[in-house]
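Listing of query.cif; format and content: mmCIF, C-alpha atoms and all ligand atoms.
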data_my_file
#
loop_
_atom_site.label_atom_id
_atom_site.label_comp_id
_atom_site.auth_asym_id
_atom_site.auth_seq_id
_atom_site.Cartn_x
_atom_site.Cartn_y
_atom_site.Cartn_z
CA ARG Y 1 -35.70 -2.99 -23.15
CA GLY Y 2 -38.95 -4.05 -21.58
CA ASN Y 3 -41.06 -7.01 -22.48
CA MET Y 4 -41.74 -8.44 -25.93
CA THR Y 5 -44.69 -10.42 -27.19
CA VAL Y 6 -44.43 -14.02 -28.31
CA GLY Y 7 -44.74 -12.83 -31.91
CA GLU Y 8 -41.93 -10.32 -31.56
CA THR Y 9 -39.75 -12.85 -29.80
CA ALA Y 10 -40.30 -15.35 -32.61
CA LYS Y 11 -39.16 -12.73 -35.11
CA LEU Y 12 -36.09 -11.97 -33.05
CA LEU Y 13 -35.20 -15.66 -32.93
CA HIS Y 14 -36.01 -16.21 -36.63
CA LYS Y 15 -38.60 -18.84 -35.74
CA ASP Y 16 -42.27 -19.33 -36.46
CA ALA Y 17 -44.55 -18.14 -33.70
CA SER Y 18 -46.00 -21.65 -33.56
CA GLU Y 19 -42.57 -23.11 -32.85
CA VAL Y 20 -42.05 -20.62 -30.06
CA ILE Y 21 -45.47 -21.38 -28.58
CA LYS Y 22 -44.68 -25.10 -28.69
CA LYS Y 23 -41.41 -24.53 -26.92
CA LEU Y 24 -43.19 -22.42 -24.33
CA ILE Y 25 -45.66 -25.19 -23.69
CA PHE Y 26 -42.74 -27.53 -23.25
CA LEU Y 27 -41.38 -25.05 -20.71
CA GLY Y 28 -44.72 -25.03 -18.96
CA VAL Y 29 -45.86 -21.63 -20.18
CA MET Y 30 -49.24 -21.46 -21.90
CA ALA Y 31 -48.96 -18.50 -24.24
CA THR Y 32 -50.72 -16.82 -27.12
CA ILE Y 33 -49.02 -14.87 -29.88
CA ASN Y 34 -49.77 -11.50 -28.31
CA GLN Y 35 -48.75 -12.45 -24.85
CA GLU Y 36 -45.83 -10.54 -23.36
CA LEU Y 37 -42.79 -12.47 -22.22
CA ASP Y 38 -40.37 -11.26 -19.60
CA LEU Y 39 -36.67 -10.89 -20.20
CA GLU Y 40 -35.76 -14.11 -18.48
CA THR Y 41 -38.20 -16.21 -20.50
CA ILE Y 42 -36.91 -14.65 -23.71
CA GLN Y 43 -33.39 -15.56 -22.71
CA LEU Y 44 -34.41 -19.10 -21.87
CA LEU Y 45 -36.08 -19.43 -25.24
CA ALA Y 46 -33.02 -18.07 -26.99
CA SER Y 47 -30.72 -20.54 -25.34
CA GLU Y 48 -33.21 -23.36 -25.99
CA PHE Y 49 -33.16 -22.49 -29.69
CA LYS Y 50 -29.40 -22.04 -29.43
CA VAL Y 51 -29.71 -18.53 -30.74
CA GLU Y 52 -27.42 -15.95 -29.26
CA VAL Y 53 -29.30 -12.89 -28.22
CA GLU Y 54 -27.50 -10.00 -26.80
CA ILE Y 55 -29.57 -8.26 -24.22
CA LYS Y 56 -28.44 -4.69 -24.22
CA ILE Y 57 -28.31 -3.25 -20.79
CA PRO Y 58 -27.27 0.39 -20.80
CA VAL Y 59 -23.65 0.83 -19.75
CA GLU Y 60 -24.73 2.97 -16.84
CA GLU Y 61 -26.71 0.19 -15.37
CA ASP Y 62 -24.31 -2.57 -16.23
CA ARG Y 63 -20.81 -1.89 -15.01
CA PHE Y 64 -22.19 1.20 -13.25
CA GLU Y 65 -19.92 3.44 -15.26
CA THR Y 66 -22.51 6.23 -15.49
CA VAL Y 67 -20.42 7.88 -18.20
CA GLU Y 68 -18.51 9.03 -15.19
CA GLU Y 69 -20.88 11.85 -14.32
CA ASN Y 70 -18.13 14.25 -15.39
CA ASP Y 71 -17.25 15.70 -12.06
CA ASP Y 72 -16.45 19.37 -12.02
CA GLU Y 73 -12.82 19.96 -11.13
CA ALA Y 74 -14.08 22.10 -8.27
CA ASP Y 75 -16.03 19.19 -6.76
CA LEU Y 76 -12.99 16.94 -6.56
CA LYS Y 77 -11.34 16.64 -3.19
CA THR Y 78 -8.05 15.01 -2.26
CA ARG Y 79 -8.59 11.49 -0.98
CA PRO Y 80 -6.25 9.04 0.77
CA PRO Y 81 -4.16 6.83 -1.51
CA VAL Y 82 -5.06 3.13 -1.65
CA VAL Y 83 -2.01 0.91 -1.27
CA THR Y 84 -1.44 -2.80 -1.90
CA ILE Y 85 1.55 -4.72 -0.57
CA MET Y 86 2.87 -7.47 -2.80
CA GLY Y 87 5.95 -9.64 -2.98
CA HIS Y 88 7.34 -13.15 -2.85
CA VAL Y 89 6.13 -15.53 -0.17
CA ASP Y 90 7.93 -15.12 3.17
CA HIS Y 91 9.49 -11.82 2.20
CA GLY Y 92 7.48 -10.13 4.96
CA LYS Y 93 4.17 -8.82 3.55
CA THR Y 94 2.08 -9.87 6.53
CA THR Y 95 4.67 -8.67 9.02
CA LEU Y 96 4.82 -5.31 7.28
CA LEU Y 97 1.03 -4.95 7.12
CA ASP Y 98 0.77 -5.76 10.84
CA ALA Y 99 3.60 -3.39 11.72
CA ILE Y 100 1.99 -0.54 9.78
CA ARG Y 101 -1.42 -1.24 11.26
CA SER Y 102 -0.04 -0.86 14.76
CA THR Y 103 1.65 2.47 13.94
CA ASN Y 104 -1.76 4.02 13.90
CA VAL Y 105 -1.46 6.97 16.20
CA THR Y 106 -4.87 8.58 15.81
CA SER Y 107 -5.65 9.25 19.43
CA GLY Y 108 -9.35 9.66 18.75
CA GLU Y 109 -9.52 6.09 17.65
CA ALA Y 110 -7.44 4.58 20.39
CA GLY Y 111 -9.30 1.90 22.22
CA GLY Y 112 -11.19 0.80 19.17
CA ILE Y 113 -10.93 -2.90 18.52
CA THR Y 114 -9.28 -3.47 15.17
CA GLN Y 115 -11.38 -5.57 12.90
CA HIS Y 116 -10.36 -7.46 9.85
CA ILE Y 117 -12.36 -5.81 7.11
CA GLY Y 118 -10.01 -6.46 4.19
CA ALA Y 119 -8.42 -3.04 4.41
CA TYR Y 120 -7.42 -0.51 7.00
CA GLN Y 121 -6.43 3.10 7.33
CA VAL Y 122 -3.54 4.68 9.16
CA GLU Y 123 -2.90 8.31 9.75
CA ILE Y 124 0.50 9.96 9.57
CA ASN Y 125 1.19 13.72 9.66
CA SER Y 126 -2.62 14.05 9.77
CA LYS Y 127 -2.91 12.40 6.38
CA LYS Y 128 -4.61 9.07 5.85
CA ILE Y 129 -3.39 6.06 3.89
CA THR Y 130 -5.62 3.10 3.05
CA PHE Y 131 -3.99 -0.34 2.91
CA LEU Y 132 -5.63 -3.37 1.37
CA ASP Y 133 -4.75 -6.31 3.58
CA THR Y 134 -6.33 -9.12 1.67
CA PRO Y 135 -3.73 -11.71 0.68
CA GLY Y 136 -1.84 -9.66 -1.90
CA HIS Y 137 -1.57 -11.56 -5.11
CA GLU Y 138 -4.80 -13.49 -4.99
CA ALA Y 139 -6.96 -10.51 -4.18
CA PHE Y 140 -5.21 -8.29 -6.64
CA THR Y 141 -5.36 -10.87 -9.40
CA THR Y 142 -9.01 -11.74 -8.82
CA MET Y 143 -10.02 -8.12 -8.68
CA ARG Y 144 -8.08 -7.19 -11.76
CA ALA Y 145 -9.42 -10.20 -13.60
CA ARG Y 146 -12.87 -8.88 -12.79
CA GLY Y 147 -12.00 -5.48 -14.13
CA ALA Y 148 -11.77 -3.73 -10.81
CA GLU Y 149 -9.06 -1.14 -10.31
CA VAL Y 150 -8.69 -0.38 -6.66
CA THR Y 151 -5.03 0.25 -6.03
CA ASP Y 152 -3.24 3.56 -6.46
CA ILE Y 153 0.22 2.54 -5.26
CA THR Y 154 1.92 -0.87 -4.99
CA ILE Y 155 4.58 -1.62 -2.41
CA ILE Y 156 6.78 -4.46 -3.55
CA VAL Y 157 8.48 -6.19 -0.65
CA VAL Y 158 11.78 -7.90 -1.38
CA ALA Y 159 13.70 -9.68 1.36
CA ALA Y 160 17.28 -8.43 1.36
CA ASP Y 161 18.59 -11.90 2.21
CA ASP Y 162 16.74 -13.59 -0.63
CA GLY Y 163 16.52 -11.12 -3.51
CA VAL Y 164 14.21 -11.01 -6.51
CA MET Y 165 12.11 -14.18 -6.77
CA PRO Y 166 9.37 -15.36 -9.17
CA GLN Y 167 6.50 -13.76 -7.27
CA THR Y 168 8.47 -10.52 -7.04
CA VAL Y 169 8.51 -10.43 -10.83
CA GLU Y 170 4.83 -11.36 -10.96
CA ALA Y 171 4.03 -8.49 -8.61
CA ILE Y 172 6.05 -6.05 -10.73
CA ASN Y 173 4.15 -7.17 -13.82
CA HIS Y 174 0.78 -6.75 -12.10
CA ALA Y 175 1.63 -3.27 -10.93
CA LYS Y 176 2.92 -2.25 -14.35
CA ALA Y 177 -0.14 -3.65 -16.10
CA ALA Y 178 -2.32 -1.65 -13.74
CA ASN Y 179 -0.21 1.46 -14.29
CA CYS Y 180 0.40 1.65 -10.59
CA PRO Y 181 3.40 3.49 -9.18
CA ILE Y 182 5.76 1.12 -7.38
CA ILE Y 183 7.66 1.70 -4.15
CA VAL Y 184 10.22 -0.98 -3.34
CA ALA Y 185 10.50 -2.00 0.30
CA VAL Y 186 13.78 -3.84 0.78
CA ASN Y 187 12.92 -5.81 3.91
CA LYS Y 188 14.83 -7.81 6.53
CA ILE Y 189 17.84 -5.50 6.48
CA ASP Y 190 18.43 -6.60 10.08
CA LYS Y 191 19.40 -10.08 8.94
CA PRO Y 192 23.08 -11.03 8.76
CA GLY Y 193 22.95 -12.07 5.12
CA ALA Y 194 21.05 -8.95 4.02
CA ASN Y 195 22.32 -7.23 0.89
CA ALA Y 196 20.11 -4.31 -0.10
CA ASP Y 197 22.38 -3.25 -2.96
CA LYS Y 198 22.11 -6.66 -4.56
CA VAL Y 199 18.31 -6.31 -4.54
CA LYS Y 200 18.60 -2.89 -6.17
CA GLN Y 201 20.99 -4.30 -8.76
CA GLU Y 202 18.60 -7.16 -9.57
CA LEU Y 203 15.63 -4.85 -9.91
CA THR Y 204 17.31 -2.65 -12.51
CA GLU Y 205 16.57 -5.49 -14.92
CA TYR Y 206 12.88 -4.70 -14.40
CA GLU Y 207 13.34 -0.98 -14.95
CA LEU Y 208 13.13 -0.22 -11.27
CA VAL Y 209 16.14 2.02 -10.80
CA PRO Y 210 16.74 3.92 -7.55
CA GLU Y 211 17.14 7.66 -7.62
CA GLU Y 212 20.77 7.53 -6.52
CA TRP Y 213 21.47 5.48 -9.65
CA GLY Y 214 19.74 7.91 -11.95
CA GLY Y 215 16.30 6.29 -11.93
CA ASP Y 216 13.02 7.39 -10.42
CA THR Y 217 11.95 4.46 -8.27
CA ILE Y 218 11.68 4.99 -4.55
CA PHE Y 219 13.44 2.34 -2.47
CA VAL Y 220 13.15 2.09 1.31
CA ASN Y 221 15.39 -0.25 3.28
CA LEU Y 222 13.51 -1.55 6.27
CA SER Y 223 12.97 -4.19 8.86
CA ALA Y 224 9.30 -4.92 9.29
CA LYS Y 225 10.12 -7.14 12.23
CA HIS Y 226 12.02 -4.47 14.15
CA ARG Y 227 9.91 -1.61 12.75
CA THR Y 228 12.98 0.09 11.30
CA ASN Y 229 12.19 2.84 8.76
CA LEU Y 230 8.43 2.22 8.80
CA GLU Y 231 7.81 5.91 9.17
CA GLU Y 232 10.03 6.61 6.19
CA LEU Y 233 8.04 4.16 4.08
CA LEU Y 234 4.77 5.84 5.05
CA GLU Y 235 6.21 9.25 4.25
CA MET Y 236 7.28 8.01 0.82
CA ILE Y 237 3.74 6.79 0.20
CA LEU Y 238 2.41 10.22 1.07
CA LEU Y 239 4.98 11.77 -1.25
CA VAL Y 240 3.87 9.61 -4.18
CA ALA Y 241 0.26 10.40 -3.32
CA GLU Y 242 0.99 14.10 -3.29
CA VAL Y 243 2.69 13.96 -6.67
CA ASN Y 244 -0.22 12.05 -8.21
CA ASP Y 245 -2.85 14.07 -6.36
CA TYR Y 246 -5.52 11.39 -6.04
CA LYS Y 247 -8.96 12.96 -5.97
CA ALA Y 248 -12.62 12.04 -5.90
CA ASN Y 249 -15.96 13.78 -5.56
CA PRO Y 250 -17.42 12.95 -2.15
CA ASP Y 251 -20.74 14.65 -2.88
CA LYS Y 252 -22.56 12.06 -4.92
CA ARG Y 253 -23.92 8.57 -4.59
CA ALA Y 254 -21.29 6.05 -3.54
CA ARG Y 255 -19.43 3.83 -5.94
CA GLY Y 256 -16.73 1.33 -5.12
CA THR Y 257 -15.54 -2.24 -5.15
CA VAL Y 258 -16.27 -5.29 -3.03
CA ILE Y 259 -13.06 -6.44 -1.32
CA GLU Y 260 -14.48 -9.46 0.50
CA ALA Y 261 -17.90 -10.86 1.25
CA GLU Y 262 -19.15 -13.75 3.31
CA LEU Y 263 -22.19 -15.22 4.92
CA ASP Y 264 -22.08 -14.60 8.66
CA LYS Y 265 -24.18 -16.93 10.78
CA GLY Y 266 -25.65 -14.20 12.91
CA ARG Y 267 -25.64 -11.19 10.65
CA GLY Y 268 -26.34 -12.70 7.26
CA PRO Y 269 -24.38 -11.54 4.21
CA VAL Y 270 -21.53 -9.25 5.20
CA VAL Y 271 -19.67 -7.25 2.60
CA ARG Y 272 -16.38 -5.41 2.99
CA LEU Y 273 -15.90 -2.78 0.44
CA LEU Y 274 -13.87 0.19 -0.53
CA VAL Y 275 -15.79 3.36 -1.25
CA GLN Y 276 -14.01 4.99 -4.19
CA HIS Y 277 -16.35 7.79 -5.23
CA GLY Y 278 -19.13 9.63 -3.47
CA THR Y 279 -20.36 8.93 0.04
CA LEU Y 280 -22.15 5.87 1.34
CA LYS Y 281 -24.70 6.40 4.09
CA VAL Y 282 -26.57 4.14 6.43
CA GLY Y 283 -29.98 3.49 4.89
CA ASP Y 284 -28.75 3.83 1.27
CA ALA Y 285 -30.05 1.30 -1.22
CA PHE Y 286 -27.25 -0.30 -3.21
CA VAL Y 287 -26.28 -2.93 -5.72
CA ALA Y 288 -23.14 -5.04 -5.20
CA GLY Y 289 -22.49 -7.32 -8.15
CA ASN Y 290 -25.84 -8.99 -8.74
CA CYS Y 291 -27.02 -8.43 -5.20
CA PHE Y 292 -29.39 -5.85 -3.87
CA GLY Y 293 -29.13 -4.36 -0.41
CA ARG Y 294 -29.81 -1.49 1.92
CA VAL Y 295 -27.06 -0.40 4.32
CA ARG Y 296 -28.28 -1.60 7.70
CA ALA Y 297 -25.08 -1.13 9.71
CA MET Y 298 -21.68 0.16 8.70
CA VAL Y 299 -18.42 -0.15 10.66
CA ASN Y 300 -14.84 0.88 9.93
CA ASP Y 301 -11.60 -1.02 10.53
CA LYS Y 302 -11.52 0.16 14.16
CA GLY Y 303 -14.89 -1.43 14.79
CA ARG Y 304 -16.56 1.97 15.00
CA ARG Y 305 -20.06 2.46 13.71
CA LEU Y 306 -20.20 4.98 10.90
CA LYS Y 307 -23.15 6.94 9.60
CA GLU Y 308 -21.36 7.70 6.35
CA ALA Y 309 -18.15 6.88 4.50
CA GLY Y 310 -16.41 8.90 1.80
CA PRO Y 311 -13.78 8.11 -0.87
CA SER Y 312 -10.96 5.65 -0.01
CA THR Y 313 -12.75 4.48 3.14
CA PRO Y 314 -12.91 0.74 3.73
CA VAL Y 315 -16.10 -0.33 5.48
CA GLU Y 316 -17.97 -3.44 6.46
CA ILE Y 317 -21.70 -3.37 5.89
CA THR Y 318 -24.68 -5.59 6.49
CA GLY Y 319 -28.07 -5.43 4.85
CA LEU Y 320 -27.71 -7.57 1.74
CA THR Y 321 -29.90 -10.43 0.69
CA GLU Y 322 -27.11 -12.37 -1.01
CA VAL Y 323 -23.33 -12.59 -0.98
CA PRO Y 324 -21.50 -10.78 -3.81
CA LEU Y 325 -17.98 -11.62 -5.02
CA ALA Y 326 -14.63 -9.94 -4.38
CA GLY Y 327 -14.02 -7.45 -7.16
CA ASP Y 328 -17.71 -6.86 -7.82
CA PRO Y 329 -18.64 -3.26 -8.50
CA PHE Y 330 -20.74 -1.56 -5.93
CA MET Y 331 -23.07 1.42 -6.23
CA GLY Y 332 -25.43 3.30 -4.00
CA PHE Y 333 -28.88 4.37 -5.26
CA GLU Y 334 -31.42 6.83 -4.04
CA ASP Y 335 -34.21 4.88 -5.62
CA GLU Y 336 -34.64 1.48 -4.03
CA ARG Y 337 -36.78 0.14 -6.87
CA LYS Y 338 -34.16 1.04 -9.42
CA ALA Y 339 -31.47 -0.69 -7.37
CA ARG Y 340 -33.60 -3.82 -7.13
CA SER Y 341 -34.31 -3.98 -10.82
CA ILE Y 342 -30.68 -3.42 -11.75
CA ALA Y 343 -29.58 -6.21 -9.42
CA GLU Y 344 -32.20 -8.51 -10.97
CA ARG Y 345 -31.14 -7.68 -14.49
CA ARG Y 346 -27.51 -8.18 -13.68
CA ALA Y 347 -28.37 -11.58 -12.23
CA ILE Y 348 -30.18 -12.56 -15.43
CA THR Y 349 -27.30 -11.43 -17.65
CA HIS Y 350 -24.92 -13.33 -15.41
CA ARG Y 351 -26.98 -16.53 -15.62
CA GLN Y 352 -27.21 -16.09 -19.36
CA SER Y 353 -23.46 -15.80 -19.74
CA GLU Y 354 -23.03 -18.89 -17.58
CA LEU Y 355 -25.42 -20.77 -19.86
CA ASN Y 356 -23.47 -19.59 -22.88
CA ALA Y 357 -20.17 -20.51 -21.27
CA ASN Y 358 -21.29 -24.07 -20.76
CA THR Y 359 -23.00 -25.01 -24.00
CA ARG Y 360 -23.60 -28.56 -22.88
CA VAL Y 361 -26.12 -27.42 -20.33
CA THR Y 362 -29.38 -27.33 -22.23
CA LEU Y 363 -32.77 -26.52 -20.89
CA ASP Y 364 -33.53 -30.22 -21.00
CA ASP Y 365 -30.87 -30.65 -18.37
CA LEU Y 366 -32.16 -27.77 -16.35
CA PHE Y 367 -35.76 -28.89 -16.39
CA LYS Y 368 -35.45 -32.62 -16.01
CA HIS Y 369 -35.23 -32.36 -12.24
CA ILE Y 370 -38.44 -30.45 -11.92
P1 LIG Y 401 4.76 -13.09 3.81
O1 LIG Y 401 4.67 -14.51 3.35
O2 LIG Y 401 5.36 -12.21 2.75
O3 LIG Y 401 3.48 -12.55 4.39
O4 LIG Y 401 5.88 -13.07 4.98
P2 LIG Y 401 5.68 -12.98 6.56
O5 LIG Y 401 5.31 -11.62 6.97
O6 LIG Y 401 4.80 -14.09 7.00
O7 LIG Y 401 7.17 -13.20 7.03
C1 LIG Y 401 7.86 -14.43 6.81
C2 LIG Y 401 8.91 -14.62 7.89
O8 LIG Y 401 9.88 -13.59 7.83
C3 LIG Y 401 8.32 -14.56 9.29
O9 LIG Y 401 8.95 -15.53 10.08
C4 LIG Y 401 8.68 -13.17 9.77
O10 LIG Y 401 8.82 -13.09 11.16
C5 LIG Y 401 9.99 -12.94 9.08
N1 LIG Y 401 10.25 -11.51 8.84
C6 LIG Y 401 9.42 -10.60 8.26
N2 LIG Y 401 10.00 -9.40 8.23
C7 LIG Y 401 11.21 -9.53 8.81
C8 LIG Y 401 12.28 -8.62 9.06
O11 LIG Y 401 12.25 -7.44 8.77
N3 LIG Y 401 13.40 -9.15 9.66
C9 LIG Y 401 13.49 -10.45 9.99
N4 LIG Y 401 14.61 -10.87 10.56
N5 LIG Y 401 12.49 -11.33 9.77
C10 LIG Y 401 11.37 -10.88 9.19
MG MG Y 402 1.58 -13.49 4.47
#
Please go through the file and, once you have read it, give me the structure as structure tokens.
Ligand code: GDP
Ligand code: MG
Amino acid sequence: RGNMTVGETAKLLHKDASEVIKKLIFLGVMATINQELDLETIQLLASEFKVEVEIKIPVEEDRFETVEENDDEADLKTRPPVVTIMGHVDHGKTTLLDAIRSTNVTSGEAGGITQHIGAYQVEINSKKITFLDTPGHEAFTTMRARGAEVTDITIIVVAADDGVMPQTVEAINHAKAANCPIIVAVNKIDKPGANADKVKQELTEYELVPEEWGGDTIFVNLSAKHRTNLEELLEMILLVAEVNDYKANPDKRARGTVIEAELDKGRGPVVRLLVQHGTLKVGDAFVAGNCFGRVRAMVNDKGRRLKEAGPSTPVEITGLTEVPLAGDPFMGFEDERKARSIAERRAITHRQSELNANTRVTLDDLFKHI
């Protein structure tokens, strides 16, 4: 809600108005009982008095859920699946991601310089697939820890000469917790010691049973290094996507998730994000985490400038004032003022929760350096 007077704040904190005024003076604010205080001052007072106040920010404006605007079935359009590759270290995740990236056969985009923007798209049989190429586990874990669900399908890479290892199991658990369909890529089948059947056998313990053994998990034997069966893997991804029929409404303001963000010396804050709903356009005002921005420039993974980007498109944009965090929610706004005020409020709530998390930081600590 908006501002409260000193008197109302005192009531909220179960204090005398005189106590509150004294505290305000200590904080350097000369106030009378009818004076209005802003949200931030009220929060500072609350933490100074060690009173927990819950500032209610409407759900819509907090996690940007917008009671999911109940899209009409008719407005939903098929979108590319978003795929994450996970697996034990050295089992071939990076090799596979690089191999897939270079299968891209879209002639229209030939000649474009591939950029690292945290995700990329390939096209096969005129259908697109989006791959997240941030270091698998870390990115996935951070994003999930922050409540972001970005992945539709998980590819679990298992080296056929090494078998199921601790991080393989971790990856399976992540995917299952996220309710993500799993495709198993049994990699390095070119190696002399490769034993794909042993991998399959081991994975039955984790309820990943291949179709030929009566289960419903798709397995693809491949060699990322020699590019064997890459096409088959991509086709299997499209098959899973078709079965699950991933859809989104492209005709509304954009919503998505920050994949990576950094401060670039020349360009300022740069954010790489995945548009998940709606369409993001150059010039749109937006909030990413606690940061406000306006899309100044937008490029895709081929380094091409885009005017707009729809669902499942990874883009890199500039035009922020600060750097958000991976996993932060992102939303476009038509009204720049609204975007600004939501970013500000989110920043206040965030600071407040940091204050609460570290109870030993009192305002005395905060103000003694002034
Ligand atoms: P990551 O740690 O999972 O990203 O694994 P990398 O992609 O870095 O691969 C680890 C090592 O395995 C590298 O030396 C790769 O060249 C090698 N490698 C990856 N895929 C294959 C494959 O299909 N066959 C063979 N023989 N080696 C592979
Ligand atoms: Mg790697």
Practice item. Find the distance between atom CA of Ile348 of chain Y and atom CA of Leu12 of chain Y and write it in Å to one decimal. Key: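 Computing it gives 18.6 Å between the two atoms.
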Practice item. Go through Y:Val89, Y:Ala119, Y:Leu96, Y:Val209 and flag the residue nearest Asp162 of chain Y, using only C-alpha atoms for the distances. Key: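 Of the candidates, the smallest distance to Asp162 of chain Y is held by Y:Val89.
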Exercise for review: Using only C-alpha atoms and all ligand atoms, determine which residues fall within 8 Å of ligand MG 402 (chain Y), then list them as number ranges by chain.
Suggested key: Y: 89-90, 92-95, 135
Review point. Which polymer residues have any atom within 7 Å of an atom of segment 244-246 of chain Y, counting only C-alpha atoms, with same-chain residues fewer than 3 positions away left out, as a PyMOL selection string?
Key: chain Y and resi 78-79+81+240-241
Check your understanding: What separation in Å, quoted to one decimal, exists between atom CA of Ile85 of chain Y and atom CA of Val157 of chain Y?
Key ->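 Value for the atom CA of Ile85 of chain Y-atom CA of Val157 of chain Y distance: 7.1 Å.
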Using 12 Å as the limit and counting only C-alpha atoms and all ligand atoms, can you tabulate each residue of chain Y that touches ligand LIG 401 (chain Y), with its shortest atom-to-atom distance in Å and the two atoms involved, as a Markdown table?
| residue | atom | partner | partner_atom | distance |
| --- | --- | --- | --- | --- |
| Y:Ile85 | CA | Y:LIG401 | O2 | 9.0 |
| Y:Met86 | CA | Y:LIG401 | O2 | 7.7 |
| Y:Gly87 | CA | Y:LIG401 | O2 | 6.3 |
| Y:His88 | CA | Y:LIG401 | O2 | 6.0 |
| Y:Val89 | CA | Y:LIG401 | O1 | 3.9 |
| Y:Asp90 | CA | Y:LIG401 | O1 | 3.3 |
| Y:His91 | CA | Y:LIG401 | O2 | 4.2 |
| Y:Gly92 | CA | Y:LIG401 | O5 | 3.3 |
| Y:Lys93 | CA | Y:LIG401 | O2 | 3.7 |
| Y:Thr94 | CA | Y:LIG401 | O5 | 3.7 |
| Y:Thr95 | CA | Y:LIG401 | O5 | 3.6 |
| Y:Leu96 | CA | Y:LIG401 | O5 | 6.3 |
| Y:Leu97 | CA | Y:LIG401 | O5 | 7.9 |
| Y:Asp98 | CA | Y:LIG401 | O5 | 8.4 |
| Y:Ala99 | CA | Y:LIG401 | N2 | 9.4 |
| Y:Ile100 | CA | Y:LIG401 | O5 | 11.9 |
| Y:Asp133 | CA | Y:LIG401 | O3 | 10.4 |
| Y:Thr134 | CA | Y:LIG401 | O3 | 10.7 |
| Y:Pro135 | CA | Y:LIG401 | O3 | 8.2 |
| Y:Gly136 | CA | Y:LIG401 | O3 | 8.7 |
| Y:His137 | CA | Y:LIG401 | O2 | 10.5 |
| Y:Ile155 | CA | Y:LIG401 | O2 | 11.8 |
| Y:Ile156 | CA | Y:LIG401 | O2 | 10.1 |
| Y:Val157 | CA | Y:LIG401 | O2 | 7.6 |
| Y:Val158 | CA | Y:LIG401 | O2 | 8.8 |
| Y:Ala159 | CA | Y:LIG401 | N2 | 7.8 |
| Y:Ala160 | CA | Y:LIG401 | O11 | 9.0 |
| Y:Asp161 | CA | Y:LIG401 | N4 | 9.3 |
| Y:Asp162 | CA | Y:LIG401 | O8 | 10.9 |
| Y:Met165 | CA | Y:LIG401 | O2 | 11.8 |
| Y:Gln167 | CA | Y:LIG401 | O2 | 10.2 |
| Y:Thr168 | CA | Y:LIG401 | O2 | 10.4 |
| Y:Ala185 | CA | Y:LIG401 | O11 | 10.2 |
| Y:Val186 | CA | Y:LIG401 | O11 | 8.9 |
| Y:Asn187 | CA | Y:LIG401 | O11 | 5.2 |
| Y:Lys188 | CA | Y:LIG401 | O11 | 3.4 |
| Y:Ile189 | CA | Y:LIG401 | O11 | 6.3 |
| Y:Asp190 | CA | Y:LIG401 | N3 | 5.7 |
| Y:Lys191 | CA | Y:LIG401 | N4 | 5.1 |
| Y:Pro192 | CA | Y:LIG401 | N4 | 8.7 |
| Y:Gly193 | CA | Y:LIG401 | N4 | 10.0 |
| Y:Ala194 | CA | Y:LIG401 | N4 | 9.4 |
| Y:Asn221 | CA | Y:LIG401 | O11 | 9.6 |
| Y:Leu222 | CA | Y:LIG401 | O11 | 6.5 |
| Y:Ser223 | CA | Y:LIG401 | O11 | 3.3 |
| Y:Ala224 | CA | Y:LIG401 | O11 | 3.9 |
| Y:Lys225 | CA | Y:LIG401 | O11 | 4.1 |
| Y:His226 | CA | Y:LIG401 | O11 | 6.1 |
| Y:Arg227 | CA | Y:LIG401 | O11 | 7.4 |
| Y:Thr228 | CA | Y:LIG401 | O11 | 8.0 |
| Y:Asn229 | CA | Y:LIG401 | O11 | 10.3 |
| Y:Leu230 | CA | Y:LIG401 | O11 | 10.4 |
Point to revise | Spatial neighbours of Val287 of chain Y, max dist 8 Å, all atoms listed in the file, sep filter under 4 positions, as a ChimeraX atom specification | key: /Y:291-293,330-333,339-340,342-343
**Study point:** Nearest residue to Arg304 of chain Y from the set Y:Asp335, Y:Arg101, Y:Ile317, Y:Asp328 (distances using only C-alpha atoms)
**Key:**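 Answer, going by the shortest atom-to-atom distance: Y:Ile317.
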Point to revise | Shell of 12 Å around segment 121-129 of chain Y, all atoms listed in the file, local chain residues under 5 positions omitted, as number ranges by chain | key: Y: 78-84, 97-110, 114-116, 151-153, 230-242, 246, 274, 300-302, 311-315
Revision key, fill the gap. Across Y:Pro166, Y:Gly289, Y:Gly7, Y:Pro250, the smallest distance to Leu320 of chain Y, with all atoms listed in the file counted, is shown by Y:Gly289
Study note, to complete from the structure: note - atom CA of Thr321 of chain Y and atom CA of Leu44 of chain Y are separated by 24.6 Å
Review point. Near Arg272 of chain Y, within 7 Å and counting only C-alpha atoms, which residues show up once chain neighbours fewer than 3 positions away are dropped, as a list in words?
Key: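 Non-adjacent residues within range: Ile117, Gly118, Val258, Ile259, Glu260, Ala261, Val315, Glu316 and Ile317 of chain Y.
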